$ cat start_22.pdb   # PDB, C-alpha atoms
ATOM      1  CA  ASP A 120       0.000   0.000   0.000
ATOM      2  CA  THR A 121       1.487   3.352  -0.973
ATOM      3  CA  GLY A 122      -0.916   5.588   0.922
ATOM      4  CA  VAL A 123      -0.286   7.690   4.018
ATOM      5  CA  SER A 124       0.495   5.451   6.953
ATOM      6  CA  GLN A 125      -0.053   6.322  10.599
ATOM      7  CA  ASP A 126       1.105   4.452  13.659
ATOM      8  CA  PRO A 127      -0.340   3.479  16.038
ATOM      9  CA  ARG A 128      -3.982   3.319  14.988
ATOM     10  CA  HIS A 129      -5.156   3.456  18.566
ATOM     11  CA  LYS A 130      -3.517   4.675  21.754
ATOM     12  CA  ILE A 131      -4.862   4.693  25.300
ATOM     13  CA  THR A 132      -2.798   6.589  27.816
ATOM     14  CA  LYS A 133      -3.114   7.858  31.331
ATOM     15  CA  ARG A 134      -3.414  11.567  31.957
ATOM     16  CA  GLY A 135      -0.013  13.139  32.379
ATOM     17  CA  GLN A 136       1.843  10.676  30.186
ATOM     18  CA  ASN A 137       3.642  11.599  26.976
ATOM     19  CA  VAL A 138       2.639  10.072  23.654
ATOM     20  CA  THR A 139       4.195  10.123  20.195
ATOM     21  CA  PHE A 140       2.533   9.385  16.888
ATOM     22  CA  ARG A 141       4.209   8.681  13.581
ATOM     23  CA  CYS A 142       3.140   9.521  10.055
ATOM     24  CA  ASP A 143       4.712   8.192   6.875
ATOM     25  CA  PRO A 144       3.552  10.271   3.909
ATOM     26  CA  ILE A 145       3.303   9.155   0.327
ATOM     27  CA  SER A 146       6.783   8.926  -1.117
ATOM     28  CA  GLU A 147       8.088  12.209  -2.563
ATOM     29  CA  HIS A 148       5.227  14.263  -1.205
ATOM     30  CA  ASN A 149       6.774  17.515  -0.042
ATOM     31  CA  ARG A 150       3.926  18.677   2.129
ATOM     32  CA  LEU A 151       2.811  16.987   5.299
ATOM     33  CA  TYR A 152      -0.093  18.125   7.494
ATOM     34  CA  TRP A 153      -1.402  17.243  10.916
ATOM     35  CA  TYR A 154      -5.062  17.636  11.863
ATOM     36  CA  ARG A 155      -7.074  16.826  14.957
ATOM     37  CA  GLN A 156     -10.681  15.672  14.928
ATOM     38  CA  THR A 157     -13.016  15.399  17.897
ATOM     39  CA  LEU A 158     -16.311  13.573  17.881
ATOM     40  CA  GLY A 159     -18.935  15.141  15.645
ATOM     41  CA  GLN A 160     -16.605  17.814  14.309
ATOM     42  CA  GLY A 161     -14.627  18.183  11.130
ATOM     43  CA  PRO A 162     -10.848  17.918  11.235
ATOM     44  CA  GLU A 163      -8.991  20.984  12.537
ATOM     45  CA  PHE A 164      -5.626  22.022  11.190
ATOM     46  CA  LEU A 165      -2.692  21.767  13.590
ATOM     47  CA  THR A 166       0.483  22.276  11.575
ATOM     48  CA  TYR A 167       2.183  21.606   8.275
ATOM     49  CA  PHE A 168       5.646  20.976   6.841
ATOM     50  CA  GLN A 169       7.218  21.746   3.529
ATOM     51  CA  ASN A 170       9.961  19.137   3.422
ATOM     52  CA  GLU A 171      11.639  19.423   6.849
ATOM     53  CA  ALA A 172      10.537  22.996   7.537
ATOM     54  CA  GLN A 173       7.532  23.570   9.767
ATOM     55  CA  LEU A 174       5.819  26.493   8.059
ATOM     56  CA  GLU A 175       2.643  27.068  10.040
ATOM     57  CA  LYS A 176       1.284  26.145  13.443
ATOM     58  CA  SER A 177      -2.295  26.578  14.609
ATOM     59  CA  ARG A 178      -3.129  28.190  17.935
ATOM     60  CA  LEU A 179      -4.538  24.762  18.795
ATOM     61  CA  LEU A 180      -0.969  23.520  18.988
ATOM     62  CA  SER A 181      -0.173  24.397  22.591
ATOM     63  CA  ASP A 182       3.346  24.223  23.993
ATOM     64  CA  ARG A 183       2.658  20.632  25.044
ATOM     65  CA  PHE A 184       2.528  19.655  21.385
ATOM     66  CA  SER A 185       5.565  19.348  19.155
ATOM     67  CA  ALA A 186       5.873  18.070  15.627
ATOM     68  CA  GLU A 187       8.971  17.219  13.658
ATOM     69  CA  ARG A 188       9.877  16.056  10.203
ATOM     70  CA  PRO A 189      13.623  15.660  10.535
ATOM     71  CA  LYS A 190      14.608  14.461   7.081
ATOM     72  CA  GLY A 191      11.624  15.659   5.148
ATOM     73  CA  SER A 192      10.135  12.185   5.060
ATOM     74  CA  PHE A 193       8.218  10.786   8.050
ATOM     75  CA  SER A 194       6.871  13.028  10.786
ATOM     76  CA  THR A 195       6.212  12.642  14.490
ATOM     77  CA  LEU A 196       3.687  14.421  16.684
ATOM     78  CA  GLU A 197       4.392  14.363  20.399
ATOM     79  CA  ILE A 198       2.011  15.385  23.139
ATOM     80  CA  GLN A 199       3.526  15.927  26.556
ATOM     81  CA  ARG A 200       1.615  15.716  29.826
ATOM     82  CA  THR A 201      -1.553  14.551  28.123
ATOM     83  CA  GLU A 202      -4.911  15.848  29.300
ATOM     84  CA  GLN A 203      -8.367  14.377  28.821
ATOM     85  CA  GLY A 204      -9.129  17.149  26.347
ATOM     86  CA  ASP A 205      -6.422  15.771  24.080
ATOM     87  CA  SER A 206      -8.587  12.738  23.353
ATOM     88  CA  ALA A 207      -9.245  12.886  19.619
ATOM     89  CA  MET A 208      -8.388  11.419  16.255
ATOM     90  CA  TYR A 209      -5.055  12.729  14.964
ATOM     91  CA  LEU A 210      -4.910  12.738  11.192
ATOM     92  CA  CYS A 211      -1.917  13.107   8.946
ATOM     93  CA  ALA A 212      -2.107  14.102   5.292
ATOM     94  CA  SER A 213       0.409  14.674   2.526
ATOM     95  CA  SER A 214       0.384  16.343  -0.862
ATOM     96  CA  PRO A 215       2.957  16.811  -3.602
ATOM     97  CA  THR A 216       2.520  20.608  -3.730
ATOM     98  CA  ALA A 217       0.242  23.312  -2.434
ATOM     99  CA  ASN A 218      -3.213  23.598  -3.952
ATOM    100  CA  THR A 219      -3.395  19.954  -4.904
ATOM    101  CA  GLU A 220      -5.424  17.273  -3.273
ATOM    102  CA  ALA A 221      -4.332  16.094   0.129
ATOM    103  CA  PHE A 222      -4.150  12.381   0.873
ATOM    104  CA  PHE A 223      -5.095  11.432   4.406
ATOM    105  CA  GLY A 224      -4.048   8.542   6.574
ATOM    106  CA  GLN A 225      -6.518   6.587   8.666
ATOM    107  CA  GLY A 226      -5.558   8.471  11.769
ATOM    108  CA  THR A 227      -4.453   7.670  15.301
ATOM    109  CA  ARG A 228      -7.233   7.615  17.851
ATOM    110  CA  LEU A 229      -5.979   8.847  21.214
ATOM    111  CA  THR A 230      -7.906   8.213  24.407
ATOM    112  CA  VAL A 231      -6.639   9.848  27.584
ATOM    113  CA  VAL A 232      -8.007   8.262  30.750
TER
ATOM    114  CA  ASP B 133     -10.991  31.606   3.154
ATOM    115  CA  ALA B 134     -14.698  31.914   2.420
ATOM    116  CA  LYS B 135     -17.130  30.299   4.850
ATOM    117  CA  THR B 136     -19.381  27.499   3.606
ATOM    118  CA  THR B 137     -22.853  26.395   4.675
ATOM    119  CA  GLN B 138     -24.119  22.845   4.200
ATOM    120  CA  PRO B 139     -27.184  20.967   5.419
ATOM    121  CA  THR B 140     -26.464  18.876   8.465
ATOM    122  CA  SER B 141     -27.807  15.658   7.018
ATOM    123  CA  MET B 142     -29.444  14.135   3.962
ATOM    124  CA  ASP B 143     -30.818  10.776   2.899
ATOM    125  CA  CYS B 144     -30.757   9.301  -0.578
ATOM    126  CA  ALA B 145     -32.106   6.038  -1.957
ATOM    127  CA  GLU B 146     -29.571   3.570  -3.254
ATOM    128  CA  GLY B 147     -29.153   3.837  -7.017
ATOM    129  CA  ARG B 148     -30.483   7.380  -7.173
ATOM    130  CA  ALA B 149     -28.454  10.530  -7.672
ATOM    131  CA  ALA B 150     -27.352  12.237  -4.482
ATOM    132  CA  ASN B 151     -27.234  16.018  -4.765
ATOM    133  CA  LEU B 152     -25.352  17.761  -1.977
ATOM    134  CA  PRO B 153     -25.626  21.557  -1.857
ATOM    135  CA  CYS B 154     -23.129  24.045  -0.516
ATOM    136  CA  ASN B 155     -23.422  27.799  -0.117
ATOM    137  CA  HIS B 156     -20.285  29.929  -0.302
ATOM    138  CA  SER B 157     -21.676  33.400  -0.901
ATOM    139  CA  THR B 158     -18.475  35.207   0.131
ATOM    140  CA  ILE B 159     -16.216  33.285  -2.242
ATOM    141  CA  SER B 160     -13.515  35.333  -3.964
ATOM    142  CA  GLY B 161     -12.489  35.176  -7.588
ATOM    143  CA  ASN B 162      -9.340  33.163  -6.924
ATOM    144  CA  GLU B 163     -10.916  30.650  -4.537
ATOM    145  CA  TYR B 164     -11.605  27.067  -5.506
ATOM    146  CA  VAL B 165     -14.408  24.828  -4.288
ATOM    147  CA  TYR B 166     -13.167  21.473  -2.998
ATOM    148  CA  TRP B 167     -15.151  18.478  -1.824
ATOM    149  CA  TYR B 168     -13.891  15.800   0.509
ATOM    150  CA  ARG B 169     -15.739  12.988   2.201
ATOM    151  CA  GLN B 170     -15.071  10.981   5.329
ATOM    152  CA  ILE B 171     -16.359   7.482   5.723
ATOM    153  CA  HIS B 172     -16.738   6.348   9.307
ATOM    154  CA  SER B 173     -13.407   5.691  11.064
ATOM    155  CA  GLN B 174     -11.356   6.682   8.041
ATOM    156  CA  GLY B 175      -9.443   9.786   7.057
ATOM    157  CA  PRO B 176     -11.012  12.279   4.639
ATOM    158  CA  GLN B 177     -10.879  11.449   0.946
ATOM    159  CA  TYR B 178     -10.616  13.980  -1.864
ATOM    160  CA  ILE B 179     -13.509  13.887  -4.324
ATOM    161  CA  ILE B 180     -13.336  16.793  -6.748
ATOM    162  CA  HIS B 181     -12.607  20.503  -7.043
ATOM    163  CA  GLY B 182     -13.420  23.370  -9.392
ATOM    164  CA  LEU B 183     -13.045  27.085  -9.935
ATOM    165  CA  LYS B 184     -15.720  28.286 -12.346
ATOM    166  CA  ASN B 185     -16.599  25.512 -14.743
ATOM    167  CA  ASN B 186     -18.490  22.363 -13.934
ATOM    168  CA  GLU B 187     -16.229  19.396 -13.343
ATOM    169  CA  THR B 188     -16.691  15.651 -13.592
ATOM    170  CA  ASN B 189     -14.497  12.744 -12.626
ATOM    171  CA  GLU B 190     -14.974   9.054 -11.950
ATOM    172  CA  MET B 191     -16.430   9.746  -8.518
ATOM    173  CA  ALA B 192     -18.732  12.725  -8.929
ATOM    174  CA  SER B 193     -19.762  15.882 -10.735
ATOM    175  CA  LEU B 194     -19.441  19.399  -9.394
ATOM    176  CA  ILE B 195     -21.870  22.051 -10.548
ATOM    177  CA  ILE B 196     -20.914  25.646  -9.679
ATOM    178  CA  THR B 197     -23.455  28.406 -10.217
ATOM    179  CA  GLU B 198     -22.566  31.222 -12.561
ATOM    180  CA  ASP B 199     -22.176  33.708  -9.696
ATOM    181  CA  ARG B 200     -20.102  31.063  -7.854
ATOM    182  CA  LYS B 201     -22.030  31.630  -4.646
ATOM    183  CA  SER B 202     -23.149  28.036  -4.411
ATOM    184  CA  SER B 203     -22.334  24.604  -5.752
ATOM    185  CA  THR B 204     -23.748  21.098  -5.831
ATOM    186  CA  LEU B 205     -21.886  17.835  -5.608
ATOM    187  CA  ILE B 206     -23.628  15.065  -7.524
ATOM    188  CA  LEU B 207     -23.042  11.375  -6.930
ATOM    189  CA  PRO B 208     -24.832   9.985  -9.987
ATOM    190  CA  HIS B 209     -25.705   6.487  -8.749
ATOM    191  CA  ALA B 210     -25.348   6.367  -4.986
ATOM    192  CA  THR B 211     -24.340   3.103  -3.344
ATOM    193  CA  LEU B 212     -24.297   2.115   0.307
ATOM    194  CA  ARG B 213     -20.543   2.765   0.331
ATOM    195  CA  ASP B 214     -21.223   6.434  -0.353
ATOM    196  CA  THR B 215     -22.626   6.829   3.167
ATOM    197  CA  ALA B 216     -20.246   9.380   4.679
ATOM    198  CA  VAL B 217     -19.829  12.965   5.862
ATOM    199  CA  TYR B 218     -19.252  15.259   2.890
ATOM    200  CA  TYR B 219     -17.294  18.470   3.338
ATOM    201  CA  CYS B 220     -17.429  21.471   1.036
ATOM    202  CA  ILE B 221     -14.298  23.612   1.412
ATOM    203  CA  VAL B 222     -13.282  26.848  -0.239
ATOM    204  CA  LEU B 223      -9.575  27.344  -0.809
ATOM    205  CA  LYS B 224      -7.535  30.155  -2.227
ATOM    206  CA  GLY B 225      -5.487  29.449  -5.285
ATOM    207  CA  LEU B 226      -1.748  28.974  -5.164
ATOM    208  CA  GLY B 227      -0.341  29.420  -1.718
ATOM    209  CA  ASN B 228      -3.135  28.160   0.480
ATOM    210  CA  GLU B 229      -1.734  25.730   2.940
ATOM    211  CA  LYS B 230      -4.498  24.108   4.898
ATOM    212  CA  LEU B 231      -8.020  22.768   4.674
ATOM    213  CA  THR B 232     -10.677  24.348   6.870
ATOM    214  CA  PHE B 233     -13.371  21.745   7.444
ATOM    215  CA  GLY B 234     -16.790  22.650   8.750
ATOM    216  CA  THR B 235     -19.176  20.037  10.115
ATOM    217  CA  GLY B 236     -20.204  18.838   6.655
ATOM    218  CA  THR B 237     -23.300  16.975   5.480
ATOM    219  CA  ARG B 238     -23.925  13.495   6.789
ATOM    220  CA  LEU B 239     -25.241  11.581   3.763
ATOM    221  CA  THR B 240     -27.024   8.306   4.431
ATOM    222  CA  ILE B 241     -27.769   6.011   1.522
ATOM    223  CA  ILE B 242     -30.949   4.049   2.148
ATOM    224  CA  PRO B 243     -31.170   0.508   0.717
TER
END
$ encode --input "start_22.pdb" --output "structure tokens"
Amino acid sequence: DTGVSQDPRHKITKRGQNVTFRCDPISEHNRLYWYRQTLGQGPEFLTYFQNEAQLEKSRLLSDRFSAERPKGSFSTLEIQRTEQGDSAMYLCASSPTANTEAFFGQGTRLTVV
Amino acid sequence: DAKTTQPTSMDCAEGRAANLPCNHSTISGNEYVYWYRQIHSQGPQYIIHGLKNNETNEMASLIITEDRKSSTLILPHATLRDTAVYYCIVLKGLGNEKLTFGTGTRLTIIP
């Protein structure tokens, strides 16, 4: 399968723990995006990368959140000191350039207990 | 980016055409209309996009009114697998970096 891959698919963690998610975009896609989706809502933009450069961060991305794309390929999203409000689906998408369709992964569902 | 308005939910009989409306009355001249859908427990999937002219691909047709203030996504022969939330999104041309999803239209295909 050559689509966007996210790992893990599901994560349950205790409040206060740190979690890290991984996204592998489609090969040679320069742009990589992270979104968060809570129940009943559409996805909300968190941040995006052009190759290894993080070009925009949403206000939703508090200082407990950090995203990296060290070699311009895969990306990680880390949440430190998780809170119950962080429970959501975290979606990754990639695209070859701006203003082209974005391809989404199946997401990582985080539950903070 | 222009705001969009969609009905919360719609039903359509299997085999019939599903017509999903979207209002985007504040759209600017350089903004495109994109449609994505999200099947339960999956990530969103691109369907189609257009600027001024009507567009058709293997999945759907997009009809944009002449004043570009509204559009309709048409699934010509709906199947049960088309049951999903459909999002209408307006994006600027070159340089726009992110998708702004609303709450979309929950389309249910009835057997």
$ closest_residue --input "start_22.pdb" --among "B:Leu205, B:Leu239, B:Cys220, B:Leu212" --to "Asn151 (chain B)" --atoms "all atoms listed in the file"
B:Leu205
$ closest_atom_pairs --input "start_22.pdb" --of "chain A" --to "chain B" --cutoff "6 Å" --atoms "all atoms listed in the file" --output "JSON lines"
{"residue": "A:Gln160", "atom": "CA", "partner": "B:Thr235", "partner_atom": "CA", "distance": 5.4}
{"residue": "A:Gly161", "atom": "CA", "partner": "B:Thr235", "partner_atom": "CA", "distance": 5.0}
{"residue": "A:Pro162", "atom": "CA", "partner": "B:Phe233", "partner_atom": "CA", "distance": 5.9}
{"residue": "A:Asn218", "atom": "CA", "partner": "B:Leu226", "partner_atom": "CA", "distance": 5.7}
{"residue": "A:Phe223", "atom": "CA", "partner": "B:Gly175", "partner_atom": "CA", "distance": 5.4}
{"residue": "A:Gly224", "atom": "CA", "partner": "B:Gly175", "partner_atom": "CA", "distance": 5.6}
{"residue": "A:Gln225", "atom": "CA", "partner": "B:Gly175", "partner_atom": "CA", "distance": 4.6}
$ atom_distance --input "start_22.pdb" --atom1 "CA of Asp126 (chain A)" --atom2 "CA of Arg213 (chain B)"
25.5 Å
$ residues_around --input "start_22.pdb" --residues "His148 (chain A)" --least-positions-apart "5" --cutoff "10 Å" --atoms "all atoms listed in the file" --output "PyMOL selection string"
chain A and resi 169-170+191-192+212-216+221-222
$ closest_residue --input "start_22.pdb" --among "A:Gln199, A:Cys142, A:Tyr152, A:Arg228" --to "Lys176 (chain A)" --atoms "all atoms listed in the file"
A:Tyr152
$ atom_distance --input "start_22.pdb" --atom1 "CA of Leu152 (chain B)" --atom2 "CA of Cys211 (chain A)"
26.3 Å
$ resolve_selection --input "start_22.pdb" --expression "the PyMOL selection byres ((chain B and resi 136) around 7)" --output "list in words"
Ala134, Lys135, Thr137, Gln138, Cys154, Asn155, His156, Cys220 and Ile221 of chain B
$ closest_residue --input "start_22.pdb" --among "A:Arg183, A:Arg178, A:Arg188, A:Lys130" --to "Leu151 (chain A)" --atoms "all atoms listed in the file"
A:Arg188
$ resolve_selection --input "start_22.pdb" --expression "the PyMOL selection byres ((chain A and resi 145) around 7)" --output "MDAnalysis selection string"
chainID A and resid 121:123 143:144 146:148 213
$ write_last_selection --input "start_22.pdb" --atoms "C-alpha atoms" --output "mmCIF file, in the coordinates of the input"
data_model
loop_
_atom_site.group_PDB
_atom_site.id
_atom_site.type_symbol
_atom_site.label_atom_id
_atom_site.label_comp_id
_atom_site.auth_asym_id
_atom_site.auth_seq_id
_atom_site.Cartn_x
_atom_site.Cartn_y
_atom_site.Cartn_z
ATOM 1 C CA THR A 121 1.487 3.352 -0.973
ATOM 2 C CA GLY A 122 -0.916 5.588 0.922
ATOM 3 C CA VAL A 123 -0.286 7.690 4.018
ATOM 4 C CA ASP A 143 4.712 8.192 6.875
ATOM 5 C CA PRO A 144 3.552 10.271 3.909
ATOM 6 C CA SER A 146 6.783 8.926 -1.117
ATOM 7 C CA GLU A 147 8.088 12.209 -2.563
ATOM 8 C CA HIS A 148 5.227 14.263 -1.205
ATOM 9 C CA SER A 213 0.409 14.674 2.526
#
$ closest_residue --input "start_22.pdb" --among "B:Thr188, B:Ser141, B:Thr215, B:Ser157" --to "Pro243 (chain B)" --atoms "only C-alpha atoms"
B:Thr215
$ atom_distance --input "start_22.pdb" --atom1 "CA of Met191 (chain B)" --atom2 "CA of Arg148 (chain B)"
14.3 Å
$ resolve_selection --input "start_22.pdb" --expression "the PyMOL selection byres ((chain A and resi 138) around 7)" --output "JSON, numbers by chain"
{"A": [136, 137, 139, 140, 197, 198, 199]}
$ residues_near_point --input "start_22.pdb" --point "(-6.2, 7.6, 25.7)" --cutoff "6 Å" --atoms "all atoms listed in the file" --output "PyMOL selection string"
chain A and resi 130-132+229-232
$ residues_around --input "start_22.pdb" --residues "Leu179 (chain A)" --least-positions-apart "6" --cutoff "10 Å" --atoms "only C-alpha atoms" --output "VMD selection string"
chain A and resid 154 to 155 163 to 166
$ write_last_selection --input "start_22.pdb" --atoms "C-alpha atoms" --output "PDB file, in the frame of the given file"
ATOM      1  CA  TYR A 154      -5.062  17.636  11.863  1.00  0.00           C
ATOM      2  CA  ARG A 155      -7.074  16.826  14.957  1.00  0.00           C
ATOM      3  CA  GLU A 163      -8.991  20.984  12.537  1.00  0.00           C
ATOM      4  CA  PHE A 164      -5.626  22.022  11.190  1.00  0.00           C
ATOM      5  CA  LEU A 165      -2.692  21.767  13.590  1.00  0.00           C
ATOM      6  CA  THR A 166       0.483  22.276  11.575  1.00  0.00           C
TER       7      THR A 166
END
$ closest_residue --input "start_22.pdb" --among "B:Val222, B:Leu194, B:Ala210, B:Ala216" --to "Cys144 (chain B)" --atoms "only C-alpha atoms"
B:Ala210
$ build_atoms --input "start_22.pdb" --residues "region 188-198 of chain B" --atoms "all heavy atoms" --output "short mmCIF file (atom, residue, chain, number, x, y, z; two decimals), in the coordinates of the input"
data_model
loop_
_atom_site.label_atom_id
_atom_site.label_comp_id
_atom_site.auth_asym_id
_atom_site.auth_seq_id
_atom_site.Cartn_x
_atom_site.Cartn_y
_atom_site.Cartn_z
N THR B 188 -16.24 17.03 -13.77
CA THR B 188 -16.69 15.65 -13.59
C THR B 188 -15.47 14.75 -13.53
O THR B 188 -14.51 14.95 -14.29
CB THR B 188 -17.61 15.21 -14.75
OG1 THR B 188 -18.80 15.99 -14.71
CG2 THR B 188 -17.99 13.74 -14.62
N ASN B 189 -15.52 13.79 -12.62
CA ASN B 189 -14.50 12.74 -12.63
C ASN B 189 -15.19 11.42 -12.36
O ASN B 189 -16.43 11.33 -12.40
CB ASN B 189 -13.38 13.05 -11.63
CG ASN B 189 -13.85 13.10 -10.18
OD1 ASN B 189 -14.92 12.57 -9.84
ND2 ASN B 189 -13.06 13.75 -9.34
N GLU B 190 -14.40 10.39 -12.09
CA GLU B 190 -14.97 9.05 -11.95
C GLU B 190 -15.83 8.92 -10.69
O GLU B 190 -16.60 7.99 -10.57
CB GLU B 190 -13.86 8.00 -11.96
CG GLU B 190 -12.92 8.08 -10.77
CD GLU B 190 -11.82 9.12 -10.93
OE1 GLU B 190 -11.83 9.85 -11.95
OE2 GLU B 190 -10.97 9.21 -10.02
N MET B 191 -15.68 9.85 -9.77
CA MET B 191 -16.43 9.75 -8.52
C MET B 191 -17.71 10.58 -8.54
O MET B 191 -18.73 10.16 -7.99
CB MET B 191 -15.58 10.21 -7.33
CG MET B 191 -14.47 9.27 -6.94
SD MET B 191 -13.58 9.86 -5.50
CE MET B 191 -14.82 9.67 -4.22
N ALA B 192 -17.63 11.80 -9.11
CA ALA B 192 -18.73 12.72 -8.93
C ALA B 192 -18.68 13.84 -9.97
O ALA B 192 -17.73 13.94 -10.75
CB ALA B 192 -18.65 13.34 -7.53
N SER B 193 -19.73 14.65 -9.94
CA SER B 193 -19.76 15.88 -10.74
C SER B 193 -19.92 17.06 -9.78
O SER B 193 -20.57 16.94 -8.74
CB SER B 193 -20.93 15.86 -11.72
OG SER B 193 -20.74 14.86 -12.69
N LEU B 194 -19.34 18.17 -10.18
CA LEU B 194 -19.44 19.40 -9.39
C LEU B 194 -20.05 20.47 -10.28
O LEU B 194 -19.51 20.77 -11.36
CB LEU B 194 -18.06 19.83 -8.91
CG LEU B 194 -17.96 21.18 -8.19
CD1 LEU B 194 -18.83 21.19 -6.93
CD2 LEU B 194 -16.52 21.50 -7.83
N ILE B 195 -21.18 21.00 -9.82
CA ILE B 195 -21.87 22.05 -10.55
C ILE B 195 -21.72 23.34 -9.75
O ILE B 195 -22.14 23.40 -8.58
CB ILE B 195 -23.37 21.74 -10.73
CG1 ILE B 195 -23.55 20.34 -11.33
CG2 ILE B 195 -24.04 22.81 -11.59
CD1 ILE B 195 -22.94 20.16 -12.70
N ILE B 196 -21.12 24.35 -10.34
CA ILE B 196 -20.91 25.65 -9.68
C ILE B 196 -21.80 26.67 -10.38
O ILE B 196 -21.77 26.77 -11.61
CB ILE B 196 -19.44 26.07 -9.74
CG1 ILE B 196 -18.54 24.99 -9.11
CG2 ILE B 196 -19.23 27.41 -9.03
CD1 ILE B 196 -17.05 25.26 -9.25
N THR B 197 -22.58 27.41 -9.61
CA THR B 197 -23.46 28.41 -10.22
C THR B 197 -22.63 29.51 -10.88
O THR B 197 -21.46 29.72 -10.56
CB THR B 197 -24.39 29.03 -9.17
OG1 THR B 197 -23.59 29.62 -8.12
CG2 THR B 197 -25.31 27.98 -8.58
N GLU B 198 -23.28 30.22 -11.79
CA GLU B 198 -22.57 31.22 -12.56
C GLU B 198 -21.97 32.32 -11.67
O GLU B 198 -20.87 32.81 -11.93
CB GLU B 198 -23.51 31.85 -13.59
CG GLU B 198 -22.79 32.69 -14.63
CD GLU B 198 -23.70 33.10 -15.77
OE1 GLU B 198 -24.78 32.47 -15.94
OE2 GLU B 198 -23.35 34.03 -16.49
#
